[in-house]
$ cat data-v3.tsv   # TSV, C-alpha atoms
chain	number	residue	atom	x	y	z
C	2	MET	CA	4.29	22.09	35.21
C	3	LYS	CA	4.58	18.52	36.64
C	4	PHE	CA	0.89	17.85	37.18
C	5	PHE	CA	1.10	14.22	35.94
C	6	ASP	CA	2.26	13.23	39.44
C	7	ASN	CA	-1.21	13.80	40.93
C	8	THR	CA	-2.15	10.19	41.75
C	9	GLU	CA	-5.39	11.13	43.49
C	10	ILE	CA	-6.79	12.38	40.16
C	11	ALA	CA	-5.04	9.63	38.14
C	12	PHE	CA	-6.62	6.77	40.10
C	13	SER	CA	-9.84	8.46	41.18
C	14	LEU	CA	-11.98	5.77	39.50
C	15	LYS	CA	-10.07	2.80	40.93
C	16	THR	CA	-11.32	1.05	44.06
C	17	ASP	CA	-8.70	-0.21	46.52
C	18	SER	CA	-9.04	-3.76	45.16
C	19	GLU	CA	-8.67	-2.56	41.52
C	20	LEU	CA	-5.55	-0.64	42.54
C	21	GLU	CA	-4.16	-3.80	44.16
C	22	ARG	CA	-4.91	-5.82	41.00
C	23	ALA	CA	-3.10	-3.20	38.87
C	24	TYR	CA	-0.11	-3.36	41.23
C	25	PHE	CA	-0.01	-7.16	40.97
C	26	LEU	CA	-0.32	-7.13	37.15
C	27	PHE	CA	2.43	-4.57	36.53
C	28	LYS	CA	4.66	-6.37	39.05
C	29	MET	CA	4.21	-9.55	36.96
C	30	ILE	CA	4.71	-7.70	33.65
C	31	GLN	CA	7.96	-6.22	34.98
C	32	ASN	CA	9.40	-9.73	35.06
C	33	GLN	CA	10.43	-10.63	31.47
C	34	PRO	CA	10.89	-14.41	31.98
C	35	MET	CA	7.49	-14.46	33.74
C	36	VAL	CA	5.84	-12.78	30.71
C	37	ARG	CA	7.44	-15.30	28.34
C	38	ILE	CA	6.36	-18.29	30.45
C	39	GLY	CA	2.89	-16.81	31.07
C	40	THR	CA	2.40	-16.22	27.33
C	41	ALA	CA	3.40	-19.78	26.42
C	42	VAL	CA	1.22	-21.32	29.15
C	43	THR	CA	-1.80	-19.14	28.21
C	44	ASN	CA	-1.48	-19.96	24.49
C	45	PHE	CA	-1.22	-23.68	25.30
C	46	ALA	CA	-4.22	-23.56	27.67
C	47	LEU	CA	-6.40	-21.78	25.09
C	48	LYS	CA	-5.38	-24.14	22.27
C	49	ALA	CA	-6.07	-27.15	24.51
C	50	HIS	CA	-9.45	-25.63	25.42
C	51	LEU	CA	-8.63	-25.67	29.13
C	52	PRO	CA	-11.05	-23.62	31.28
C	53	VAL	CA	-8.79	-20.58	31.78
C	54	GLU	CA	-10.94	-17.84	30.23
C	55	GLY	CA	-12.48	-16.94	33.61
C	56	LEU	CA	-9.05	-16.44	35.15
C	57	ILE	CA	-7.84	-14.35	32.17
C	58	ARG	CA	-11.06	-12.33	32.28
C	59	SER	CA	-10.77	-11.45	35.98
C	60	THR	CA	-7.10	-10.39	35.74
C	61	VAL	CA	-5.33	-9.14	32.62
C	62	PHE	CA	-8.45	-8.90	30.39
C	63	ASP	CA	-10.50	-6.74	32.76
C	64	HIS	CA	-7.52	-4.43	33.33
C	65	PHE	CA	-6.66	-3.82	29.64
C	66	CYS	CA	-10.06	-4.40	27.94
C	67	GLY	CA	-13.47	-2.79	28.28
C	68	GLY	CA	-15.49	-5.97	27.76
C	69	VAL	CA	-16.41	-8.77	25.37
C	70	THR	CA	-19.00	-6.81	23.32
C	71	GLU	CA	-19.64	-3.12	22.61
C	72	GLU	CA	-22.58	-3.13	25.04
C	73	ASP	CA	-20.39	-4.80	27.63
C	74	CYS	CA	-18.02	-1.79	27.47
C	75	LEU	CA	-20.70	0.88	28.04
C	76	PRO	CA	-20.59	0.93	31.90
C	77	ASN	CA	-16.79	1.41	31.75
C	78	ILE	CA	-17.14	4.08	29.06
C	79	GLU	CA	-19.72	6.03	31.04
C	80	LYS	CA	-17.58	5.74	34.18
C	81	LEU	CA	-14.55	7.18	32.34
C	82	TYR	CA	-16.70	10.00	30.97
C	83	THR	CA	-17.68	11.13	34.49
C	84	LYS	CA	-14.04	12.29	34.71
C	85	GLY	CA	-14.04	13.88	31.25
C	86	VAL	CA	-12.19	10.98	29.59
C	87	SER	CA	-13.75	9.83	26.29
C	88	SER	CA	-13.40	6.35	24.76
C	89	VAL	CA	-12.41	4.92	21.40
C	90	LEU	CA	-14.00	1.48	21.08
C	91	ASP	CA	-11.35	-0.77	19.54
C	92	TYR	CA	-12.52	-4.14	18.16
C	93	SER	CA	-9.26	-5.94	18.94
C	94	VAL	CA	-9.74	-9.28	17.21
C	95	GLU	CA	-6.50	-9.92	15.28
C	96	GLY	CA	-5.26	-12.42	12.74
C	97	LYS	CA	-8.64	-13.58	11.41
C	98	GLU	CA	-9.30	-13.52	7.67
C	99	GLY	CA	-12.06	-14.30	5.16
C	100	GLU	CA	-14.81	-12.32	3.47
C	101	GLU	CA	-17.32	-13.17	6.22
C	102	VAL	CA	-14.91	-11.98	8.92
C	103	PHE	CA	-14.26	-8.73	7.04
C	104	ASP	CA	-17.99	-8.10	6.58
C	105	LEU	CA	-18.59	-8.78	10.29
C	106	THR	CA	-15.84	-6.28	11.19
C	107	LEU	CA	-17.46	-3.72	8.87
C	108	LYS	CA	-20.80	-4.28	10.60
C	109	THR	CA	-19.14	-3.82	14.02
C	110	ILE	CA	-17.45	-0.55	12.98
C	111	LEU	CA	-20.74	0.81	11.56
C	112	LYS	CA	-22.39	-0.03	14.88
C	113	ILE	CA	-19.64	1.88	16.74
C	114	ILE	CA	-20.16	4.89	14.44
C	115	ASN	CA	-23.84	4.84	15.44
C	116	PHE	CA	-22.80	4.67	19.09
C	117	GLY	CA	-20.55	7.66	18.45
C	118	GLU	CA	-23.44	9.67	17.01
C	119	GLU	CA	-25.59	8.89	20.06
C	120	LYS	CA	-22.96	9.26	22.78
C	121	LYS	CA	-20.59	12.16	23.35
C	122	SER	CA	-18.40	9.74	25.32
C	123	ILE	CA	-17.43	7.91	22.07
C	124	PRO	CA	-16.07	10.64	19.75
C	125	PHE	CA	-14.18	8.36	17.28
C	126	ALA	CA	-14.44	4.99	15.56
C	127	VAL	CA	-11.30	2.96	14.79
C	128	PHE	CA	-10.25	-0.04	12.70
C	129	LYS	CA	-7.17	-1.71	11.20
C	130	PRO	CA	-6.80	-1.97	7.40
C	131	SER	CA	-6.35	-5.76	7.75
C	132	GLY	CA	-9.76	-5.85	9.45
C	133	PHE	CA	-11.28	-5.12	6.01
C	134	GLY	CA	-8.98	-7.13	3.75
C	135	ARG	CA	-6.26	-9.76	3.67
C	136	PHE	CA	-2.84	-8.68	4.94
C	137	ALA	CA	-1.18	-10.53	2.02
C	138	LEU	CA	-3.27	-8.53	-0.46
C	139	PHE	CA	-2.11	-5.21	1.05
C	140	GLN	CA	1.44	-6.60	0.97
C	141	LYS	CA	1.20	-7.62	-2.69
C	142	ILE	CA	-0.02	-4.12	-3.66
C	143	THR	CA	2.72	-2.50	-1.53
C	144	GLU	CA	5.33	-4.66	-3.31
C	145	LYS	CA	3.81	-3.58	-6.66
C	146	GLN	CA	3.11	-7.16	-7.73
C	147	THR	CA	0.54	-7.88	-10.44
C	148	LEU	CA	-2.81	-8.91	-9.01
C	149	THR	CA	-4.79	-11.85	-10.37
C	150	VAL	CA	-8.34	-11.25	-11.67
C	151	GLU	CA	-9.72	-12.63	-8.37
C	152	GLU	CA	-7.43	-10.38	-6.33
C	153	LYS	CA	-8.52	-7.32	-8.32
C	154	SER	CA	-12.15	-8.11	-7.44
C	155	GLU	CA	-11.12	-8.72	-3.84
C	156	TRP	CA	-9.38	-5.31	-3.69
C	157	ILE	CA	-12.52	-3.61	-5.05
C	158	ARG	CA	-14.47	-5.17	-2.15
C	159	VAL	CA	-11.82	-3.96	0.34
C	160	LYS	CA	-12.11	-0.41	-1.01
C	161	GLU	CA	-15.92	-0.60	-0.87
C	162	ARG	CA	-15.73	-1.46	2.85
C	163	PHE	CA	-13.50	1.56	3.46
C	164	HIS	CA	-15.84	3.85	1.52
C	165	THR	CA	-18.89	2.47	3.34
C	166	VAL	CA	-17.46	3.38	6.77
C	167	CYS	CA	-16.25	6.77	5.55
C	168	LYS	CA	-19.70	7.67	4.19
C	169	ALA	CA	-21.27	6.64	7.51
C	170	ALA	CA	-18.64	8.64	9.43
C	171	VAL	CA	-19.38	11.79	7.38
C	172	LYS	CA	-23.12	11.31	7.75
C	173	GLN	CA	-22.97	10.79	11.55
C	174	ASP	CA	-20.07	13.27	11.99
C	175	VAL	CA	-17.91	10.69	13.80
C	176	PRO	CA	-14.20	10.83	12.80
C	177	LEU	CA	-12.44	7.58	11.85
C	178	LEU	CA	-9.00	6.55	13.10
C	179	ILE	CA	-7.35	4.04	10.74
C	180	ASP	CA	-4.51	2.20	12.47
C	181	ALA	CA	-1.09	1.57	10.96
C	182	GLU	CA	0.36	-1.91	10.61
C	183	GLU	CA	3.64	-3.52	9.49
C	184	SER	CA	5.77	-1.55	7.01
C	185	TRP	CA	5.64	-4.23	4.29
C	186	MET	CA	1.89	-3.68	3.80
C	187	GLN	CA	1.60	-0.04	4.81
C	188	ASP	CA	2.13	1.72	1.45
C	189	ALA	CA	-1.08	0.18	0.04
C	190	ALA	CA	-2.98	1.29	3.16
C	191	ASP	CA	-1.45	4.80	3.03
C	192	ASP	CA	-2.39	5.30	-0.63
C	193	LEU	CA	-5.95	4.15	0.04
C	194	VAL	CA	-6.35	6.36	3.15
C	195	GLU	CA	-4.97	9.38	1.27
C	196	GLU	CA	-7.56	8.80	-1.45
C	197	LEU	CA	-10.24	8.70	1.30
C	198	MET	CA	-8.94	11.94	2.86
C	199	GLU	CA	-9.10	13.63	-0.53
C	200	ASN	CA	-12.71	12.45	-0.87
C	201	TYR	CA	-14.08	12.96	2.64
C	202	ASN	CA	-11.87	15.59	4.33
C	203	LYS	CA	-12.96	18.60	2.28
C	204	GLU	CA	-14.58	20.51	5.17
C	205	LYS	CA	-12.60	19.08	8.11
C	206	ALA	CA	-10.66	15.96	9.12
C	207	ILE	CA	-13.02	12.98	9.31
C	208	VAL	CA	-10.56	10.33	8.06
C	209	PHE	CA	-7.37	9.94	10.15
C	210	ASN	CA	-4.37	7.87	9.11
C	211	THR	CA	-1.73	6.72	11.63
C	212	LEU	CA	1.98	7.52	11.66
C	213	GLN	CA	4.27	5.14	13.55
C	214	MET	CA	7.18	7.42	14.42
C	215	TYR	CA	9.61	4.64	15.26
C	216	ARG	CA	9.90	4.52	11.46
C	217	HIS	CA	12.58	6.98	10.33
C	218	ASP	CA	10.80	7.72	7.02
C	219	ARG	CA	7.47	8.90	8.46
C	220	LEU	CA	8.29	12.59	8.89
C	221	GLU	CA	9.16	12.89	5.20
C	222	TYR	CA	5.95	11.04	4.34
C	223	LEU	CA	3.95	13.53	6.45
C	224	LYS	CA	5.59	16.50	4.71
C	225	GLY	CA	4.87	15.02	1.27
C	226	LEU	CA	1.27	14.35	2.24
C	227	TYR	CA	0.90	17.95	3.42
C	228	GLU	CA	2.16	19.27	0.04
C	229	ARG	CA	-0.37	17.09	-1.80
C	230	ALA	CA	-3.19	18.09	0.57
C	231	TYR	CA	-2.33	21.76	0.11
C	232	GLN	CA	-2.49	21.40	-3.70
C	233	LYS	CA	-5.72	19.38	-3.68
C	234	ASP	CA	-7.28	21.35	-0.83
C	235	PHE	CA	-8.18	18.72	1.74
C	236	HIS	CA	-7.65	18.44	5.49
C	237	ILE	CA	-5.27	15.93	7.06
C	238	GLY	CA	-6.26	13.87	10.09
C	239	MET	CA	-3.38	12.02	11.72
C	240	LYS	CA	-2.97	9.82	14.75
C	241	VAL	CA	0.68	9.99	15.75
C	242	VAL	CA	2.11	7.11	17.78
C	243	ARG	CA	5.55	5.68	18.44
C	244	GLY	CA	4.72	2.19	17.10
C	245	ALA	CA	3.77	-1.37	17.93
C	246	TYR	CA	5.75	-3.87	15.81
C	247	MET	CA	9.41	-3.00	16.50
C	248	GLU	CA	10.85	-6.48	17.18
C	249	LYS	CA	8.99	-7.97	14.17
C	250	GLU	CA	10.17	-5.13	11.89
C	251	ARG	CA	13.82	-5.47	12.90
C	252	SER	CA	13.98	-9.24	12.65
C	253	ARG	CA	12.29	-9.27	9.20
C	254	ALA	CA	14.70	-6.61	7.89
C	255	GLU	CA	17.65	-8.66	9.15
C	256	GLU	CA	16.26	-11.90	7.76
C	257	LYS	CA	15.52	-10.44	4.30
C	258	GLY	CA	18.65	-8.26	4.16
C	259	TYR	CA	17.16	-4.78	3.79
C	260	GLU	CA	17.67	-1.64	5.89
C	261	SER	CA	15.46	-1.66	8.97
C	262	PRO	CA	12.75	1.02	8.78
C	263	ILE	CA	13.01	1.47	12.57
C	264	CYS	CA	14.93	4.36	14.17
C	265	ALA	CA	18.34	3.45	15.62
C	266	ASP	CA	17.26	3.92	19.25
C	267	LYS	CA	14.53	5.23	21.54
C	268	GLN	CA	16.09	8.72	21.61
C	269	ALA	CA	15.83	8.95	17.81
C	270	THR	CA	12.20	7.76	17.97
C	271	ASP	CA	11.34	10.36	20.63
C	272	LYS	CA	12.98	13.08	18.53
C	273	ASN	CA	11.06	11.92	15.44
C	274	TYR	CA	7.75	11.84	17.34
C	275	ASP	CA	8.22	15.35	18.71
C	276	ALA	CA	9.23	16.64	15.25
C	277	ALA	CA	5.99	15.23	13.79
C	278	ILE	CA	3.74	16.88	16.37
C	279	LEU	CA	5.65	20.16	15.98
C	280	TYR	CA	5.20	20.01	12.17
C	281	MET	CA	1.47	19.37	12.56
C	282	MET	CA	1.00	22.24	15.01
C	283	GLU	CA	2.89	24.61	12.71
C	284	HIS	CA	0.70	23.86	9.67
C	285	LYS	CA	-2.96	24.62	9.10
C	286	LYS	CA	-5.75	22.24	8.03
C	287	MET	CA	-4.40	19.43	10.19
C	288	ALA	CA	-6.08	17.57	13.05
C	289	LEU	CA	-3.90	15.64	15.50
C	290	PHE	CA	-4.71	12.65	17.69
C	291	ALA	CA	-1.55	12.28	19.78
C	292	GLY	CA	-1.36	8.69	20.98
C	293	THR	CA	1.35	8.79	23.62
C	294	HIS	CA	2.28	7.41	27.03
C	295	ASN	CA	5.29	9.71	27.12
C	296	GLU	CA	5.12	12.59	29.60
C	297	GLU	CA	7.73	14.76	27.87
C	298	SER	CA	5.91	14.61	24.51
C	299	SER	CA	2.64	15.42	26.30
C	300	TYR	CA	4.19	18.46	28.01
C	301	LEU	CA	5.65	19.59	24.66
C	302	LEU	CA	2.24	19.34	23.01
C	303	LEU	CA	0.63	21.39	25.78
C	304	LYS	CA	3.28	24.06	25.28
C	305	LEU	CA	2.76	24.03	21.48
C	306	ALA	CA	-1.03	24.27	21.87
C	307	GLU	CA	-0.52	27.36	24.01
C	308	GLN	CA	2.03	28.82	21.59
C	309	TYR	CA	-0.28	28.35	18.57
C	310	LYS	CA	-3.35	29.50	20.52
C	311	ILE	CA	-5.27	26.23	20.20
C	312	ALA	CA	-8.03	26.10	22.80
C	313	LYS	CA	-8.13	23.16	25.22
C	314	ASP	CA	-11.44	21.93	23.80
C	315	ASP	CA	-10.53	22.43	20.11
C	316	LYS	CA	-11.60	19.19	18.40
C	317	ARG	CA	-8.55	19.30	16.12
C	318	LEU	CA	-6.36	18.24	19.05
C	319	TRP	CA	-6.77	15.04	21.09
C	320	PHE	CA	-4.56	13.16	23.50
C	321	GLY	CA	-4.94	9.37	23.56
C	322	GLN	CA	-3.75	6.55	25.83
C	323	LEU	CA	-4.58	2.86	26.10
C	324	TYR	CA	-7.17	1.63	28.58
C	325	GLY	CA	-5.41	0.32	31.69
C	326	MET	CA	-2.24	2.35	31.12
C	327	SER	CA	-0.94	5.88	31.81
C	328	ASP	CA	-3.98	6.99	33.81
C	329	HIS	CA	-1.77	9.70	35.31
C	330	ILE	CA	-1.61	11.35	31.86
C	331	SER	CA	-5.23	10.75	30.78
C	332	PHE	CA	-7.05	11.79	33.94
C	333	ASN	CA	-4.83	14.76	34.79
C	334	LEU	CA	-5.16	16.15	31.24
C	335	ALA	CA	-8.94	15.65	31.30
C	336	ASP	CA	-9.08	17.35	34.70
C	337	LEU	CA	-7.47	20.40	33.07
C	338	GLY	CA	-10.11	20.42	30.30
C	339	TYR	CA	-8.16	18.90	27.38
C	340	ASN	CA	-9.68	16.44	24.88
C	341	VAL	CA	-8.60	12.99	26.06
C	342	ALA	CA	-9.65	9.55	24.85
C	343	LYS	CA	-8.79	6.07	26.01
C	344	TYR	CA	-8.45	3.27	23.43
C	345	VAL	CA	-10.85	0.67	24.89
C	346	PRO	CA	-10.24	-2.76	23.33
C	347	PHE	CA	-13.03	-5.34	23.28
C	348	GLY	CA	-13.80	-8.76	21.82
C	349	PRO	CA	-14.09	-12.40	22.90
C	350	VAL	CA	-11.38	-13.28	25.46
C	351	ARG	CA	-9.80	-15.94	23.22
C	352	ASP	CA	-9.69	-13.63	20.17
C	353	VAL	CA	-8.25	-10.67	22.08
C	354	MET	CA	-5.30	-12.67	23.50
C	355	PRO	CA	-2.84	-11.66	20.69
C	356	TYR	CA	-3.56	-8.01	21.60
C	357	LEU	CA	-3.10	-8.66	25.35
C	358	ILE	CA	0.14	-10.57	24.80
C	359	ARG	CA	1.48	-7.70	22.69
C	360	ARG	CA	0.58	-5.25	25.47
C	361	ALA	CA	2.45	-7.35	28.05
C	362	GLU	CA	5.51	-7.71	25.80
C	363	GLU	CA	5.45	-4.00	24.97
C	364	ASN	CA	5.39	-3.10	28.67
C	365	THR	CA	8.40	-5.31	29.39
C	366	SER	CA	10.40	-3.98	26.41
C	367	VAL	CA	9.71	-0.25	26.85
C	368	ALA	CA	12.29	0.92	29.35
C	369	GLY	CA	10.75	2.59	32.36
C	370	GLN	CA	7.09	2.18	31.33
C	371	THR	CA	6.22	-0.52	33.88
C	372	SER	CA	8.40	1.00	36.62
C	373	ARG	CA	6.60	4.31	36.15
C	374	GLU	CA	3.18	2.63	36.44
C	375	LEU	CA	4.31	0.78	39.57
C	376	ASN	CA	5.78	3.87	41.23
C	377	LEU	CA	2.55	5.81	40.67
C	378	ILE	CA	0.43	2.95	42.05
C	379	LYS	CA	2.76	2.69	45.07
C	380	ALA	CA	2.41	6.45	45.65
C	381	GLU	CA	-1.39	6.18	45.54
C	382	ARG	CA	-1.41	3.13	47.84
C	383	LYS	CA	0.67	5.11	50.30
C	384	ARG	CA	-1.63	8.13	49.98
C	385	ARG	CA	-4.66	5.92	50.67
C	386	LYS	CA	-2.65	4.00	53.33
C	387	ILE	CA	-3.58	0.63	51.81

$ encode --input "data-v3.tsv" --output "structure tokens"
Amino acid sequence: MKFFDNTEIAFSLKTDSELERAYFLFKMIQNQPMVRIGTAVTNFALKAHLPVEGLIRSTVFDHFCGGVTEEDCLPNIEKLYTKGVSSVLDYSVEGKEGEEVFDLTLKTILKIINFGEEKKSIPFAVFKPSGFGRFALFQKITEKQTLTVEEKSEWIRVKERFHTVCKAAVKQDVPLLIDAEESWMQDAADDLVEELMENYNKEKAIVFNTLQMYRHDRLEYLKGLYERAYQKDFHIGMKVVRGAYMEKERSRAEEKGYESPICADKQATDKNYDAAILYMMEHKKMALFAGTHNEESSYLLLKLAEQYKIAKDDKRLWFGQLYGMSDHISFNLADLGYNVAKYVPFGPVRDVMPYLIRRAEENTSVAGQTSRELNLIKAERKRRKI
């Protein structure tokens, strides 16, 4: 069952020039010193207001992002949908804070929920907890520190934003994926999302939390959540990923002298990830969005879906990959009739740079990821005789 090798299906939407650009980009990303230098130069150029946005836009931005605005993304979304691949519009502006910024993010997410109601090609909305409230506030609550009067009011406003999107999601019947962030703020987010699940997931999973399985404590958390959901009679929605902040997590743990929450190695993370998807498939009243670029985990999930008699188009099971990556998984799964969605980031070029830099660094640090992309592109170039 090695159908992920079909490059004709994987790259069916790419023109020859887009394929060449992808080859060039992954070749650059494969070179770690080049990524470090490129990152430093790009950051400097943007801070100095040098005219580099056009160059970024025509290379790395257009490969990994759908556009600058939601409307900008629509042609790409519709193109993906011609091959059965849905989209999750991801407003990828990071590191900005302030009540106005949070309210603007809320407005953007509500707009995406409306898009989702209108278009079958956009089946989910997504946001990060720190898009609705200050990271430091989530951290303070996670660390069980006493909040000031102002912070208590601030937290009420954060919760109101969460409830506003959840009510809209229920009304429009568009499920919400809530991303996970760094471990030192995550408990506050988890508690809030569980409260939302209890409120809004009575009939089915509308609210989805995210488990980063490079954390060795997440399987136990999932089991505990299931026990509570069983007692209180609500459905669990969960996006399961490997994780995005490994280097930061390890260095902070070392610096502050506590045990790192990250699994010892990639093998342990893979084992943990597969154990989580197995647990979810074994238990009822759970909906799974499997965010993975790993072929073995994808094959395992296909086998489990068959074993537990879950139909290919059952909306309780989705496969997800990032836009611009792992097209061999996304398009081949969609071709077989499975529910597949691409995370399509968007936002102003300058504001999306932290996301793009993280993508580049992630591709250089994940063993084999870039080589796999390059080998598939090479195979397709050969097939097309470019």

$ residues_near_point --input "data-v3.tsv" --point "(-11.8, -14.6, 25.0)" --cutoff "10 Å" --atoms "only C-alpha atoms" --output "number ranges by chain"
C: 47, 53-55, 57-58, 62, 68-69, 94, 347-354

$ closest_residue --input "data-v3.tsv" --among "C:Met239, C:Ile78, C:Ile30, C:Ala254" --to "Gln370 of chain C" --atoms "all atoms listed in the file"
C:Ile30

$ atom_distance --input "data-v3.tsv" --atom1 "atom CA of Pro124 of chain C" --atom2 "atom CA of Leu303 of chain C"
20.8 Å

$ closest_residue --input "data-v3.tsv" --among "C:Gly225, C:Leu323, C:Val171, C:Phe45" --to "Val89 of chain C" --atoms "only C-alpha atoms"
C:Leu323

$ closest_residue --input "data-v3.tsv" --among "C:Gly117, C:Pro76, C:Gly238, C:Gly134" --to "Lys203 of chain C" --atoms "all atoms listed in the file"
C:Gly238

$ closest_residue --input "data-v3.tsv" --among "C:Cys66, C:Ile237, C:Ala380, C:Val127" --to "Arg317 of chain C" --atoms "only C-alpha atoms"
C:Ile237

$ residues_around --input "data-v3.tsv" --residues "Phe133 of chain C" --least-positions-apart "2" --cutoff "8 Å" --atoms "all atoms listed in the file" --output "VMD selection string"
chain C and resid 103 to 104 106 to 107 129 to 131 135 159 162 to 163

$ atom_distance --input "data-v3.tsv" --atom1 "atom CA of Leu111 of chain C" --atom2 "atom CA of Pro346 of chain C"
16.2 Å

$ axis_aligned_box --input "data-v3.tsv" --around "segment 280-296 of chain C" --padding-each-side "4 Å" --output "JSON"
{"center_x": -0.4, "center_y": 16.0, "center_z": 18.8, "size_x": 19.4, "size_y": 25.2, "size_z": 29.6}

$ atom_distance --input "data-v3.tsv" --atom1 "atom CA of Leu289 of chain C" --atom2 "atom CA of Leu318 of chain C"
5.0 Å

$ residues_around --input "data-v3.tsv" --residues "Gly321 of chain C" --least-positions-apart "3" --cutoff "8 Å" --atoms "only C-alpha atoms" --output "ChimeraX atom specification"
/C:290-293,331,341-344

$ residues_around --input "data-v3.tsv" --residues "segment 280-282 of chain C" --least-positions-apart "4" --cutoff "7 Å" --atoms "all atoms listed in the file" --output "number ranges by chain"
C: 276, 287, 305

$ closest_residue --input "data-v3.tsv" --among "C:Glu260, C:Asp180, C:Glu119, C:Asp275" --to "Leu301 of chain C" --atoms "all atoms listed in the file"
C:Asp275

$ closest_residue --input "data-v3.tsv" --among "C:Arg373, C:Val241, C:Thr8, C:Glu152" --to "Leu20 of chain C" --atoms "all atoms listed in the file"
C:Thr8

$ residues_around --input "data-v3.tsv" --residues "Phe5 of chain C" --least-positions-apart "2" --cutoff "7 Å" --atoms "only C-alpha atoms" --output "PyMOL selection string"
chain C and resi 3+7+329-330+333

$ decode --input "data-v3.tsv" --residues "segment 133-186 of chain C" --atoms "C-alpha atoms" --output "compact mmCIF listing (two decimals), in the first residue's frame"
# COMPACT_ATOMS: atom_id res chain seq x y z
CA PHE C 133 -7.14 36.34 21.55
CA GLY C 134 -5.11 37.25 24.62
CA ARG C 135 -1.64 38.04 25.90
CA PHE C 136 0.79 35.12 26.08
CA ALA C 137 2.02 36.35 29.49
CA LEU C 138 -1.55 36.25 30.84
CA PHE C 139 -1.97 32.59 29.78
CA GLN C 140 1.45 31.93 31.34
CA LYS C 141 0.51 33.59 34.64
CA ILE C 142 -2.68 31.50 34.89
CA THR C 143 -0.75 28.32 33.98
CA GLU C 144 1.76 29.10 36.75
CA LYS C 145 -1.18 29.64 39.15
CA GLN C 146 -0.10 33.18 40.00
CA THR C 147 -2.61 35.64 41.47
CA LEU C 148 -4.05 37.96 38.85
CA THR C 149 -4.41 41.70 39.42
CA VAL C 150 -7.87 43.30 39.15
CA GLU C 151 -6.96 44.54 35.64
CA GLU C 152 -5.75 41.08 34.60
CA LYS C 153 -8.98 39.48 35.85
CA SER C 154 -10.96 41.86 33.61
CA GLU C 155 -8.56 41.14 30.76
CA TRP C 156 -9.08 37.37 31.19
CA ILE C 157 -12.86 37.85 31.08
CA ARG C 158 -12.43 39.60 27.71
CA VAL C 159 -10.22 36.74 26.46
CA LYS C 160 -12.88 34.19 27.42
CA GLU C 161 -15.59 36.31 25.77
CA ARG C 162 -13.65 36.22 22.48
CA PHE C 163 -13.41 32.42 22.70
CA HIS C 164 -17.14 32.10 23.43
CA THR C 165 -18.02 34.49 20.59
CA VAL C 166 -16.22 32.34 17.99
CA CYS C 167 -17.61 29.11 19.46
CA LYS C 168 -21.20 30.42 19.27
CA ALA C 169 -20.62 31.46 15.64
CA ALA C 170 -19.06 28.06 14.87
CA VAL C 171 -22.09 26.21 16.31
CA LYS C 172 -24.51 28.49 14.48
CA GLN C 173 -22.74 28.12 11.10
CA ASP C 174 -21.78 24.46 11.76
CA VAL C 175 -18.08 25.14 11.09
CA PRO C 176 -15.72 23.28 13.49
CA LEU C 177 -12.94 25.25 15.21
CA LEU C 178 -9.34 24.08 15.49
CA ILE C 179 -7.55 25.76 18.42
CA ASP C 180 -3.78 25.49 18.07
CA ALA C 181 -1.39 24.52 20.86
CA GLU C 182 1.50 26.74 21.91
CA GLU C 183 4.45 26.58 24.32
CA SER C 184 4.07 24.31 27.37
CA TRP C 185 4.48 27.13 29.91
CA MET C 186 1.19 28.71 28.83
